[in-house]
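This is model.cif. It holds mmCIF, C-alpha atoms.
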```cif
data_start
loop_
_atom_site.label_atom_id
_atom_site.label_comp_id
_atom_site.auth_asym_id
_atom_site.auth_seq_id
_atom_site.Cartn_x
_atom_site.Cartn_y
_atom_site.Cartn_z
CA MET A 1 -23.39 -33.08 41.11
CA SER A 2 -19.93 -34.03 40.07
CA GLY A 3 -21.34 -35.37 36.77
CA ASN A 4 -22.91 -31.98 36.08
CA VAL A 5 -19.61 -30.17 36.64
CA GLY A 6 -17.87 -32.64 34.33
CA GLY A 7 -20.48 -31.92 31.65
CA VAL A 8 -19.77 -28.19 31.73
CA GLY A 9 -16.04 -28.84 31.52
CA SER A 10 -16.41 -31.13 28.50
CA ASN A 11 -18.48 -28.48 26.63
CA SER A 12 -15.76 -25.83 27.14
CA GLY A 13 -13.13 -28.36 26.01
CA VAL A 14 -14.97 -28.78 22.67
CA LEU A 15 -15.89 -25.12 22.26
CA LEU A 16 -12.29 -23.79 22.04
CA PRO A 17 -11.21 -26.02 19.09
CA VAL A 18 -14.47 -25.21 17.27
CA ILE A 19 -13.87 -21.45 17.62
CA ILE A 20 -10.25 -21.82 16.46
CA GLY A 21 -11.35 -23.94 13.49
CA LEU A 22 -14.01 -21.40 12.48
CA ALA A 23 -11.52 -18.53 12.74
CA LEU A 24 -8.98 -20.38 10.58
CA GLY A 25 -11.67 -21.25 8.02
CA VAL A 26 -12.84 -17.64 7.76
CA ALA A 27 -9.21 -16.44 7.42
CA PHE A 28 -8.61 -19.00 4.64
CA ILE A 29 -11.72 -17.93 2.71
CA VAL A 30 -10.85 -14.24 3.05
CA SER A 31 -7.28 -14.85 1.84
CA ILE A 32 -8.55 -16.71 -1.25
CA ALA A 33 -11.01 -13.91 -1.99
CA VAL A 34 -8.28 -11.27 -1.71
CA PHE A 35 -5.90 -13.29 -3.90
CA THR A 36 -8.42 -13.84 -6.71
CA THR A 37 -9.55 -10.20 -6.64
CA THR A 38 -5.94 -8.99 -6.78
CA SER A 39 -4.95 -11.31 -9.61
CA THR A 40 -7.82 -10.12 -11.84
CA ALA A 41 -7.26 -6.46 -10.97
CA PHE A 42 -3.55 -6.69 -11.89
CA PRO A 43 -3.22 -8.89 -14.96
CA TYR A 44 0.17 -10.32 -15.87
CA ARG A 45 2.48 -7.84 -17.52
CA PRO A 46 5.74 -8.94 -19.09
CA PRO A 47 9.07 -7.34 -18.25
CA ILE A 48 9.44 -3.89 -19.81
CA GLU A 49 12.37 -5.19 -21.88
CA ASP A 50 9.91 -7.40 -23.80
CA GLU A 51 7.71 -4.37 -24.52
CA PHE A 52 10.71 -2.43 -25.87
CA ARG A 53 11.90 -5.35 -28.01
CA SER A 54 8.48 -5.38 -29.65
CA ILE A 55 8.35 -1.64 -30.33
CA GLU A 56 11.88 -1.69 -31.77
CA GLN A 57 10.43 -3.45 -34.84
CA ILE A 58 9.22 -0.05 -36.02
CA PRO A 59 11.63 1.34 -38.68
CA GLU A 60 11.78 4.81 -37.09
CA VAL A 61 12.80 3.37 -33.71
CA ARG A 62 15.38 1.14 -35.39
CA LEU A 63 16.78 4.19 -37.24
CA PHE A 64 16.92 6.22 -34.01
CA LEU A 65 18.78 3.43 -32.19
CA ASP A 66 21.17 2.83 -35.10
CA LYS A 67 22.00 6.52 -35.45
CA TYR A 68 22.09 7.55 -31.77
CA GLY A 69 22.62 4.25 -29.93
CA ASP A 70 26.22 5.10 -29.08
CA HIS A 71 25.14 8.40 -27.47
CA ASP A 72 23.74 8.62 -23.97
CA PHE A 73 20.04 8.04 -24.17
CA ASN A 74 17.12 7.13 -21.98
CA ASN A 75 14.03 5.22 -22.85
CA GLY A 76 10.76 5.47 -20.99
CA PHE A 77 7.48 3.67 -20.82
CA SER A 78 4.01 4.70 -19.64
CA ARG A 79 0.73 2.81 -19.72
CA PHE A 80 -2.51 4.81 -19.65
CA GLN A 81 -5.94 3.58 -18.53
CA ASN A 82 -7.40 3.96 -22.02
CA GLY A 83 -5.09 1.18 -23.25
CA THR A 84 -2.47 3.47 -24.79
CA ILE A 85 1.21 2.81 -24.22
CA LYS A 86 3.70 5.67 -24.59
CA PHE A 87 7.29 4.81 -25.47
CA SER A 88 9.94 7.53 -25.24
CA TYR A 89 13.52 7.61 -26.46
CA ILE A 90 15.60 10.68 -25.59
CA THR A 91 19.21 11.41 -26.47
CA TRP A 92 21.17 14.59 -25.87
CA ALA A 93 24.44 16.33 -26.66
CA GLN A 94 26.33 19.60 -26.28
CA VAL A 95 26.18 21.38 -29.64
CA ASP A 96 28.24 24.10 -31.33
CA LYS A 97 25.43 26.08 -32.88
CA ASP A 98 27.39 29.12 -34.11
CA GLY A 99 30.44 27.31 -35.59
CA ASP A 100 33.06 28.83 -33.27
CA GLY A 101 34.29 25.41 -32.06
CA TYR A 102 32.77 25.81 -28.60
CA LYS A 103 29.81 23.60 -27.69
CA GLU A 104 27.67 26.18 -25.93
CA THR A 105 24.20 24.69 -26.28
CA PHE A 106 22.57 21.61 -24.77
CA ARG A 107 20.10 19.89 -27.10
CA ARG A 108 18.02 16.78 -26.95
CA LEU A 109 16.23 14.70 -29.53
CA GLU A 110 13.00 13.04 -28.41
CA LEU A 111 11.25 10.18 -30.20
CA THR A 112 7.82 9.36 -28.77
CA LEU A 113 5.41 6.62 -29.87
CA PHE A 114 1.83 5.98 -28.84
CA TYR A 115 0.55 2.43 -29.31
CA ASP A 116 -3.03 1.22 -28.80
CA GLU A 117 -3.06 -1.94 -26.69
CA SER A 118 -6.76 -1.75 -25.79
CA GLY A 119 -9.09 -4.55 -26.77
CA GLY A 120 -6.46 -6.70 -28.41
CA MET A 121 -3.32 -8.67 -27.96
CA PRO A 122 -0.67 -7.02 -25.79
CA ILE A 123 2.23 -5.62 -27.79
CA TYR A 124 4.71 -8.14 -26.37
CA LYS A 125 2.67 -11.00 -27.88
CA SER A 126 1.83 -9.53 -31.25
CA TYR A 127 2.99 -6.17 -32.61
CA ASP A 128 0.42 -4.76 -35.02
CA PRO A 129 1.56 -1.68 -37.02
CA ASP A 130 -2.08 -0.66 -37.54
CA ARG A 131 -2.41 -0.04 -33.81
CA LEU A 132 0.40 2.50 -33.76
CA LYS A 133 -1.48 5.73 -33.01
CA GLN A 134 1.28 8.26 -33.49
CA ILE A 135 5.04 8.76 -33.79
CA GLN A 136 6.55 12.12 -32.94
CA VAL A 137 10.09 13.50 -33.03
CA ARG A 138 11.21 16.78 -31.47
CA CYS A 139 14.54 18.57 -31.44
CA ARG A 140 14.73 20.76 -28.36
CA GLU A 141 17.24 23.19 -26.94
CA GLN A 142 17.74 24.14 -23.33
CA ILE A 143 16.82 27.76 -22.64
CA ALA A 144 16.88 27.83 -18.85
CA ILE A 145 17.24 25.64 -15.85
CA SER A 146 13.82 25.08 -14.35
CA LEU A 147 12.15 22.76 -11.88
CA ASP A 148 9.66 21.92 -14.63
CA GLU A 149 11.91 20.16 -17.15
CA ASP A 150 9.51 20.69 -20.06
CA GLN A 151 9.59 24.47 -19.57
CA SER A 152 13.39 24.58 -19.63
CA PHE A 153 13.47 23.40 -23.27
CA THR A 154 12.11 24.92 -26.44
CA ASP A 155 11.59 23.38 -29.86
CA ILE A 156 14.23 24.54 -32.33
CA MET A 157 12.37 22.98 -35.25
CA ARG A 158 8.73 22.09 -35.64
CA PRO A 159 7.84 18.70 -34.18
CA ALA A 160 7.40 16.05 -36.88
CA TYR A 161 4.70 13.41 -36.84
CA ASP A 162 4.18 10.00 -38.41
CA GLY A 163 5.40 10.06 -42.05
CA GLN A 164 7.75 13.03 -41.45
CA VAL A 165 9.66 11.38 -38.59
CA ARG A 166 11.93 9.21 -40.74
CA ASP A 167 13.06 12.21 -42.81
CA ILE A 168 13.87 14.25 -39.68
CA LEU A 169 15.86 11.38 -38.16
CA GLU A 170 17.81 10.85 -41.39
CA ASN A 171 18.42 14.45 -42.45
CA ALA A 172 17.87 17.04 -39.72
CA ARG A 173 20.89 18.37 -37.89
CA CYS A 174 19.69 18.41 -34.33
CA LEU A 175 22.63 16.99 -32.40
CA PHE A 176 25.44 17.05 -34.99
#
```
Do you think you could lay out the structure here as structure tokens?
Amino acid sequence: MSGNVGGVGSNSGVLLPVIIGLALGVAFIVSIAVFTTTSTAFPYRPPIEDEFRSIEQIPEVRLFLDKYGDHDFNNGFSRFQNGTIKFSYITWAQVDKDGDGYKETFRRLELTLFYDESGGMPIYKSYDPDRLKQIQVRCREQIAISLDEDQSFTDIMRPAYDGQVRDILENARCLF
């Protein structure tokens, strides 16, 4: 009978390492599956600075930065699911709009670009001017303080698109 008891004890001594080994194996397989799923769902994206360096090849952006680069300005970046990237450059200033020497109005100049990155090389690898969907410039004036920032500004000149943008940036008197 003592041999029988020893047999039961030896089975339980082997069973515990087998269960631990199976649990570790399953955990390893699950972690690899999660890692490979995550890496394909979130492809590599370069730093945003690389994206902006690429878009700054566009003459209108270069003109905006040369003319207003010493002003306070913000730039923004959005990527949409349809493969479009939106780049925004916004600068602002207090403006004397009636010539009395007092800067009574807050204005901002907005340059927005839409670039098609779908189905091709990412912009940071190869900028293609044919994939630039639209360029827009707007001169806006603050009319009220509102929680919705877009509603607190109104256009003081018609927004310009594509071929008109360069002329507005060179000649329009939005901020000075």
Exercise for the section: Determine the residue membership of the PyMOL selection byres ((chain A and resi 112) around 7) for the file above and supply it as a ChimeraX atom specification. Expected result: /A:86-89,110-111,113-114,135-137
Exercise for the section: Would you mind telling me which residue in A:Ser78, A:Thr105, A:Gln151, A:Ser126 lies nearest to Ala93 in chain A when using all atoms listed in the file? Expected result: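 Of all the options, A:Thr105 lies closest to Ala93 in chain A.
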Handout entry: Nearest to Gly83 in chain A, chosen from A:Val61, A:Val95, A:Ile55, A:Ile123, with only C-alpha atoms counted in the distances
Key =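 That would be A:Ile123, the residue with the smallest distance to Gly83 in chain A.
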Exercise for the section: Quote the spacing between CA of Leu132 in chain A and CA of Asp70 in chain A in Å to one decimal place. Expected result: 26.4 Å
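Pairwise distance (CA of Asp66 in chain A, CA of Pro122 in chain A) equals 25.7 Å.
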Exercise for the section: Provide the CA of Lys67 in chain A to CA of Glu170 in chain A distance in Å, to one decimal place. Expected result: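 One can read the CA of Lys67 in chain A to CA of Glu170 in chain A distance as 8.5 Å.
Counting all atoms listed in the file and comparing A:Asn171, A:Gln134, A:Thr84, A:Gln142, the residue that lies closest to Ile58 in chain A is A:Gln134.
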Problem - Selection: 10 Å around Cys139 in chain A, all atoms listed in the file, excl. self and same-chain fewer than 4 positions, as a list of chain:residue names - result: A:Ile90, A:Thr91, A:Trp92, A:Arg107, A:Arg108, A:Leu109, A:Glu110, A:Leu111, A:Phe153, A:Thr154, A:Asp155, A:Ile156, A:Met157, A:Arg158, A:Pro159, A:Ala160, A:Ile168, A:Leu169, A:Ala172, A:Arg173, A:Cys174, A:Leu175
Problem - Given the PyMOL selection byres ((chain A and resi 131) around 9), the residues it picks as a ChimeraX atom specification - result: /A:114-117,127-130,132-133
Practice task
Rank nothing, just name the residue among A:Phe77, A:Glu60, A:Phe106, A:Ser118 nearest to Asp167 in chain A, using only C-alpha atoms.
Solution key: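 Looking at the shortest contact to Asp167 in chain A, the residue is A:Glu60.
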Problem - For Ile143 in chain A, the nearest of the candidates A:Gly69, A:Glu104, A:Asn82, A:Phe64, counting only C-alpha atoms - result: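 So, comparing all the options, the nearest one is A:Glu104.
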Problem - Residue nearest Gln164 in chain A among A:Arg138, A:Phe176, A:Leu15, A:Gln57 (counting all atoms listed in the file) - result: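 Comparing A:Arg138, A:Phe176, A:Leu15, A:Gln57 against Gln164 in chain A, the winner is A:Arg138.
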